[in-house]
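*Asks:* One structure, pasted below without further comment.
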Amino acid sequence: MASLFDPIQLGDIAAPNRILMAPLTRGRSVDGHVPITGLKADYYAQRASAGLIIAEATGISQEGLGWPSAPGIWSEAQVEAWKPVTAAVHDAGGRIILQLWHMGRLVHPDFLGGEPPVSSSATTAPGFAHTASGKKPYEQARALRLDEIPRIIETYAKAARNAITAGFDGVQLHAANGYLIDQFLRDNANLRDDDYGGPIANRIRLLDEVTGAIVAEVGAGRTSVRLSPNGETQGCNDSDPVALFTAAAAALQRHDIAFLELREQKEFGDFGKTDVPRISPEIRKIFTNPLVLNQEYRLASASEDVSSGLADAISFGRPYISNPDLVERLRVDAELTPDNYRTWYSAGAEGYTDYPTLAGAEAA
């Protein structure tokens, strides 16, 4: 029976425990989407005791990045700025991979010189985009042409190559949360009638091809994927999520990726009931490589899912904002420090690198 504190092999990465840091968008980048090196190096090095850090969603191109102050990985300046960050994590004994992000229709035209964003189909996301001049309604995307899809796939592969050059131990394909790959997966956002739309086998094609390109570039042992079989997310939903996400998991298994991370709503424990059934038990039957679960876990529910074998590891998101030594706090079942929402996306160290460790808090 495994525990959260047992080591695990995640592809090519030997993780000392099964408590992963989930990707968390935090901003702290400057013009050109270049990471603020010293600040990010401190932030991630503080959290190096995680079994594995999955660094924040990072844009693979300007076309795919519509979040103010979010980092990128397509330019030489971005790659060079990431190098001291990965070195700081490694010097602290940690392991870190980079999440590759194309936001699709969730990119506002303000980021694109007024041009529309791209997506699977000509649809409009609900709600409002974060822009440099405040929140603005999303605008209608244009459907990617068939002859553009090879360019998208190559952009992901180049970003993966850049991440390894920057010193990351691997990459994660962001195929969740209503972003570009998810916009192809789900049938309420994908209205195509070509080889990338219609039946599930077609809708998972882009996920399959991008994953294959990344594996060819950096190796299966350095490649992971995040999916979100958790009902509607940023306007994306599907009429048959069990069939969709089990088919996607089967495709990813064929690529023998290092691990699959799922963000899903919970039906039990600390979180209350939802009307969205968990799909992870069905995916667990199909995906036999390490499976990582995420979404508002606490110590008891995380331990339960790992010990039962439903999950091989758990990724924690928001608790890592304000608890840099989360592994130790969970090990001794210490109270967690609450985070300050006001500072999630601000520019400086406040609410980013100034949260104390357990030892530091006790000393204070």
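Identifiers for the structure tokens are assigned positionally: chains receive A, B, ... in sequence, residues are indexed from 1 per chain, and ligands are indexed from 1 in the order shown.
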Find the nearest atom pair between each residue of range 57-132 of chain A and range 139-148 of chain A for residues within 6 Å, count only C-alpha atoms, give distances in Å to one decimal, sort rows by chain and ascending number, and present the table as JSON lines.
*Replies:*
{"residue": "A:Arg105", "atom": "CA", "partner": "A:Ala141", "partner_atom": "CA", "distance": 5.3}
{"residue": "A:Pro116", "atom": "CA", "partner": "A:Ala141", "partner_atom": "CA", "distance": 5.5}
{"residue": "A:Pro117", "atom": "CA", "partner": "A:Ala141", "partner_atom": "CA", "distance": 4.8}
{"residue": "A:Val118", "atom": "CA", "partner": "A:Arg142", "partner_atom": "CA", "distance": 5.0}
{"residue": "A:Ser119", "atom": "CA", "partner": "A:Ala143", "partner_atom": "CA", "distance": 5.2}
{"residue": "A:Ser120", "atom": "CA", "partner": "A:Ala143", "partner_atom": "CA", "distance": 5.2}
{"residue": "A:Ser121", "atom": "CA", "partner": "A:Ala143", "partner_atom": "CA", "distance": 4.1}
{"residue": "A:Ala122", "atom": "CA", "partner": "A:Arg142", "partner_atom": "CA", "distance": 4.6}
{"residue": "A:Thr123", "atom": "CA", "partner": "A:Gln140", "partner_atom": "CA", "distance": 5.4}
{"residue": "A:Thr124", "atom": "CA", "partner": "A:Gln140", "partner_atom": "CA", "distance": 4.3}
*Asks:* Please write the residues from the selection above to a file, keeping C-alpha atoms, as a PDB file, in the first residue's frame.
*Replies:*
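File again-v4.pdb, as written:
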ATOM      1  CA  ARG A 105     -10.018  31.177 -28.180  1.00  0.00           C
ATOM      2  CA  PRO A 116      -8.916  37.165 -33.809  1.00  0.00           C
ATOM      3  CA  PRO A 117      -7.687  34.219 -31.758  1.00  0.00           C
ATOM      4  CA  VAL A 118      -7.635  30.704 -33.183  1.00  0.00           C
ATOM      5  CA  SER A 119      -9.590  27.669 -32.066  1.00  0.00           C
ATOM      6  CA  SER A 120     -11.074  24.430 -33.332  1.00  0.00           C
ATOM      7  CA  SER A 121     -14.118  26.352 -34.584  1.00  0.00           C
ATOM      8  CA  ALA A 122     -15.480  29.874 -34.907  1.00  0.00           C
ATOM      9  CA  THR A 123     -16.853  30.095 -31.368  1.00  0.00           C
ATOM     10  CA  THR A 124     -16.703  32.589 -28.515  1.00  0.00           C
TER      11      THR A 124
END
*Asks:* Do you know which residues are at most 8 Å from Asp256 in chain A counting only C-alpha atoms, after dropping those on the same chain fewer than 6 positions away, and could you put them as a ChimeraX atom specification?
*Replies:* /A:220-221,289
*Asks:* Between A:Ser322, A:Asn340, A:Gln62, A:Thr211, single out the one closest to Gln253 in chain A, counting only C-alpha atoms.
*Replies:* A:Thr211
*Asks:* As a list in words, please: the residues near Gly178 in chain A (cut-off 9 Å, only C-alpha atoms, same-chain neighbours under 5 positions excluded).
*Replies:* Met103, Gly104, Arg105, Leu106, Ala125, Gln183, Arg186, Ser228, Glu232, Thr233, Gln234, Gly235, Cys236 and Asn237 of chain A
*Asks:* What's around range 37-40 of chain A at 9 Å? Count only C-alpha atoms, leave out sequence neighbours fewer than 5 positions away in its own chain, and write the answer as a ChimeraX atom specification.
*Replies:* /A:28-29,45,81-85,348-349,352-353
